[in-house]
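To be precise, the following lines are run-v7.cif, and they hold mmCIF, N, CA and C atoms.
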data_protein
loop_
_atom_site.label_atom_id
_atom_site.label_comp_id
_atom_site.auth_asym_id
_atom_site.auth_seq_id
_atom_site.Cartn_x
_atom_site.Cartn_y
_atom_site.Cartn_z
N MET T 1 3.16 19.49 -3.28
CA MET T 1 3.01 20.50 -4.31
C MET T 1 2.92 19.85 -5.69
N ASN T 2 3.63 18.76 -5.92
CA ASN T 2 3.62 18.13 -7.24
C ASN T 2 2.33 17.36 -7.52
N VAL T 3 1.71 16.82 -6.49
CA VAL T 3 0.50 16.01 -6.70
C VAL T 3 -0.64 16.84 -7.28
N PRO T 4 -0.96 18.02 -6.73
CA PRO T 4 -2.05 18.81 -7.33
C PRO T 4 -1.74 19.22 -8.77
N VAL T 5 -0.50 19.56 -9.06
CA VAL T 5 -0.13 19.94 -10.42
C VAL T 5 -0.31 18.75 -11.36
N GLY T 6 0.10 17.57 -10.92
CA GLY T 6 -0.06 16.37 -11.73
C GLY T 6 -1.52 16.04 -11.99
N VAL T 7 -2.35 16.19 -10.96
CA VAL T 7 -3.78 15.91 -11.11
C VAL T 7 -4.41 16.91 -12.09
N ILE T 8 -4.06 18.17 -11.96
CA ILE T 8 -4.60 19.18 -12.87
C ILE T 8 -4.15 18.91 -14.31
N ALA T 9 -2.89 18.55 -14.48
CA ALA T 9 -2.38 18.25 -15.83
C ALA T 9 -3.08 17.02 -16.41
N PHE T 10 -3.30 16.00 -15.60
CA PHE T 10 -3.98 14.80 -16.06
C PHE T 10 -5.41 15.10 -16.51
N VAL T 11 -6.13 15.85 -15.70
CA VAL T 11 -7.52 16.20 -16.04
C VAL T 11 -7.56 17.08 -17.29
N ALA T 12 -6.64 18.04 -17.38
CA ALA T 12 -6.60 18.91 -18.55
C ALA T 12 -6.29 18.11 -19.81
N ALA T 13 -5.34 17.20 -19.73
CA ALA T 13 -4.99 16.38 -20.89
C ALA T 13 -6.17 15.50 -21.29
N TRP T 14 -6.86 14.94 -20.31
CA TRP T 14 -8.00 14.07 -20.59
C TRP T 14 -9.09 14.84 -21.35
N ARG T 15 -9.29 16.10 -20.98
CA ARG T 15 -10.37 16.87 -21.59
C ARG T 15 -9.94 17.54 -22.89
N LEU T 16 -8.67 17.92 -23.03
CA LEU T 16 -8.25 18.73 -24.17
C LEU T 16 -7.61 17.95 -25.32
N VAL T 17 -7.03 16.79 -25.03
CA VAL T 17 -6.39 16.02 -26.10
C VAL T 17 -7.46 15.24 -26.84
N PRO T 18 -7.55 15.41 -28.16
CA PRO T 18 -8.60 14.73 -28.91
C PRO T 18 -8.35 13.22 -29.01
N SER T 19 -9.44 12.48 -29.13
CA SER T 19 -9.36 11.04 -29.31
C SER T 19 -9.13 10.75 -30.78
N LEU T 20 -8.10 9.99 -31.10
CA LEU T 20 -7.75 9.69 -32.48
C LEU T 20 -8.15 8.27 -32.83
N GLU T 21 -8.41 8.07 -34.12
CA GLU T 21 -8.72 6.72 -34.58
C GLU T 21 -7.48 5.84 -34.46
N THR T 22 -7.70 4.60 -34.10
CA THR T 22 -6.59 3.65 -34.03
C THR T 22 -6.78 2.61 -35.12
N SER T 23 -5.67 2.12 -35.61
CA SER T 23 -5.74 1.05 -36.60
C SER T 23 -4.74 -0.03 -36.22
N ARG T 24 -5.02 -1.22 -36.63
CA ARG T 24 -4.16 -2.34 -36.30
C ARG T 24 -2.90 -2.27 -37.16
N ARG T 25 -1.75 -2.33 -36.51
CA ARG T 25 -0.48 -2.25 -37.22
C ARG T 25 0.38 -3.46 -36.89
N ARG T 26 1.27 -3.77 -37.81
CA ARG T 26 2.18 -4.89 -37.59
C ARG T 26 3.31 -4.46 -36.66
N PHE T 27 3.81 -5.39 -35.89
CA PHE T 27 4.93 -5.15 -35.00
C PHE T 27 6.22 -5.21 -35.80
N ASP T 28 7.03 -4.15 -35.75
CA ASP T 28 8.26 -4.05 -36.53
C ASP T 28 9.41 -4.68 -35.75
N VAL T 29 9.61 -5.98 -35.94
CA VAL T 29 10.63 -6.71 -35.19
C VAL T 29 12.03 -6.21 -35.55
N VAL T 30 12.29 -6.00 -36.83
CA VAL T 30 13.61 -5.54 -37.25
C VAL T 30 13.91 -4.17 -36.66
N GLY T 31 12.95 -3.29 -36.64
CA GLY T 31 13.14 -1.96 -36.06
C GLY T 31 13.42 -2.02 -34.58
N VAL T 32 12.71 -2.89 -33.86
CA VAL T 32 12.93 -3.02 -32.42
C VAL T 32 14.32 -3.57 -32.15
N VAL T 33 14.74 -4.57 -32.90
CA VAL T 33 16.06 -5.17 -32.70
C VAL T 33 17.15 -4.16 -33.01
N LEU T 34 17.02 -3.44 -34.12
CA LEU T 34 18.03 -2.45 -34.47
C LEU T 34 18.08 -1.29 -33.47
N SER T 35 16.93 -0.86 -32.98
CA SER T 35 16.90 0.21 -31.97
C SER T 35 17.55 -0.25 -30.67
N ALA T 36 17.24 -1.46 -30.25
CA ALA T 36 17.82 -1.98 -29.01
C ALA T 36 19.34 -2.13 -29.15
N ALA T 37 19.78 -2.64 -30.29
CA ALA T 37 21.23 -2.79 -30.51
C ALA T 37 21.91 -1.43 -30.55
N GLY T 38 21.30 -0.47 -31.22
CA GLY T 38 21.89 0.86 -31.29
C GLY T 38 21.98 1.52 -29.93
N MET T 39 20.93 1.41 -29.12
CA MET T 39 20.96 1.99 -27.78
C MET T 39 22.00 1.31 -26.91
N PHE T 40 22.10 -0.02 -27.02
CA PHE T 40 23.10 -0.76 -26.25
C PHE T 40 24.50 -0.30 -26.63
N LEU T 41 24.78 -0.20 -27.93
CA LEU T 41 26.11 0.19 -28.38
C LEU T 41 26.42 1.63 -27.99
N LEU T 42 25.45 2.51 -28.03
CA LEU T 42 25.66 3.89 -27.63
C LEU T 42 26.00 3.99 -26.15
N VAL T 43 25.22 3.34 -25.31
CA VAL T 43 25.47 3.38 -23.87
C VAL T 43 26.77 2.68 -23.54
N PHE T 44 27.04 1.55 -24.17
CA PHE T 44 28.29 0.83 -23.93
C PHE T 44 29.49 1.68 -24.32
N GLY T 45 29.40 2.35 -25.46
CA GLY T 45 30.49 3.21 -25.89
C GLY T 45 30.74 4.36 -24.95
N ILE T 46 29.68 4.95 -24.43
CA ILE T 46 29.82 6.06 -23.49
C ILE T 46 30.43 5.57 -22.18
N GLN T 47 29.99 4.43 -21.68
CA GLN T 47 30.49 3.93 -20.40
C GLN T 47 31.91 3.39 -20.49
N GLU T 48 32.23 2.69 -21.54
CA GLU T 48 33.52 2.04 -21.64
C GLU T 48 34.55 2.85 -22.43
N GLY T 49 34.14 3.92 -23.06
CA GLY T 49 35.04 4.69 -23.91
C GLY T 49 36.23 5.27 -23.18
N ARG T 50 36.03 5.76 -21.97
CA ARG T 50 37.12 6.38 -21.24
C ARG T 50 38.14 5.36 -20.75
N SER T 51 37.71 4.16 -20.46
CA SER T 51 38.66 3.16 -19.96
C SER T 51 39.43 2.50 -21.08
N SER T 52 39.07 2.77 -22.31
CA SER T 52 39.76 2.20 -23.45
C SER T 52 41.10 2.88 -23.66
N ALA T 53 42.08 2.14 -24.18
CA ALA T 53 43.42 2.69 -24.40
C ALA T 53 43.42 3.72 -25.51
N GLY T 54 42.52 3.63 -26.46
CA GLY T 54 42.48 4.55 -27.58
C GLY T 54 41.66 5.80 -27.33
N ALA T 55 41.26 6.04 -26.09
CA ALA T 55 40.37 7.16 -25.79
C ALA T 55 41.10 8.43 -25.45
N SER T 56 42.41 8.42 -25.49
CA SER T 56 43.15 9.62 -25.09
C SER T 56 43.30 10.57 -26.27
N ALA T 57 42.29 11.34 -26.53
CA ALA T 57 42.31 12.30 -27.63
C ALA T 57 43.19 13.49 -27.31
N SER T 58 43.40 13.76 -26.02
CA SER T 58 44.20 14.93 -25.62
C SER T 58 45.69 14.63 -25.68
N GLY T 59 46.08 13.37 -25.88
CA GLY T 59 47.49 13.02 -25.97
C GLY T 59 48.17 12.81 -24.65
N ARG T 60 47.43 12.70 -23.57
CA ARG T 60 48.03 12.50 -22.25
C ARG T 60 48.34 11.07 -21.98
#
Whole structure given in structure tokens:
Amino acid sequence: MNVPVGVIAFVAAWRLVPSLETSRRRFDVVGVVLSAAGMFLLVFGIQEGRSSAGASASGR
């Protein structure tokens, strides 16, 4: 059931989405590094937050 829907969506997108001009852009190294560090810290905080001693906000 999903394959026909995917094929129809692909064909529709190919025909309906306009082609845009592309231009050469510089690679933002600082942005990539900061984004990767932020995502790492967010995921690390979510995963390790409960096992931390300071995570007991309920006072238990």
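Distance-wise, atom CA of Ala9 of chain T and atom CA of Thr22 of chain T end up 23.7 Å apart.
Straight-line separation from atom CA of Ala12 of chain T to atom C of Arg24 of chain T: 28.4 Å.
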Kindly list the centre and edge lengths in Å, rounded to one decimal, for the axis-aligned box that covers all listed atoms of segment 24-39 of chain T plus 5 Å on each of its six sides, as lines of an AutoDock Vina configuration file.
center_x = 8.5
center_y = -2.4
center_z = -32.4
size_x = 37.0
size_y = 18.7
size_z = 20.9
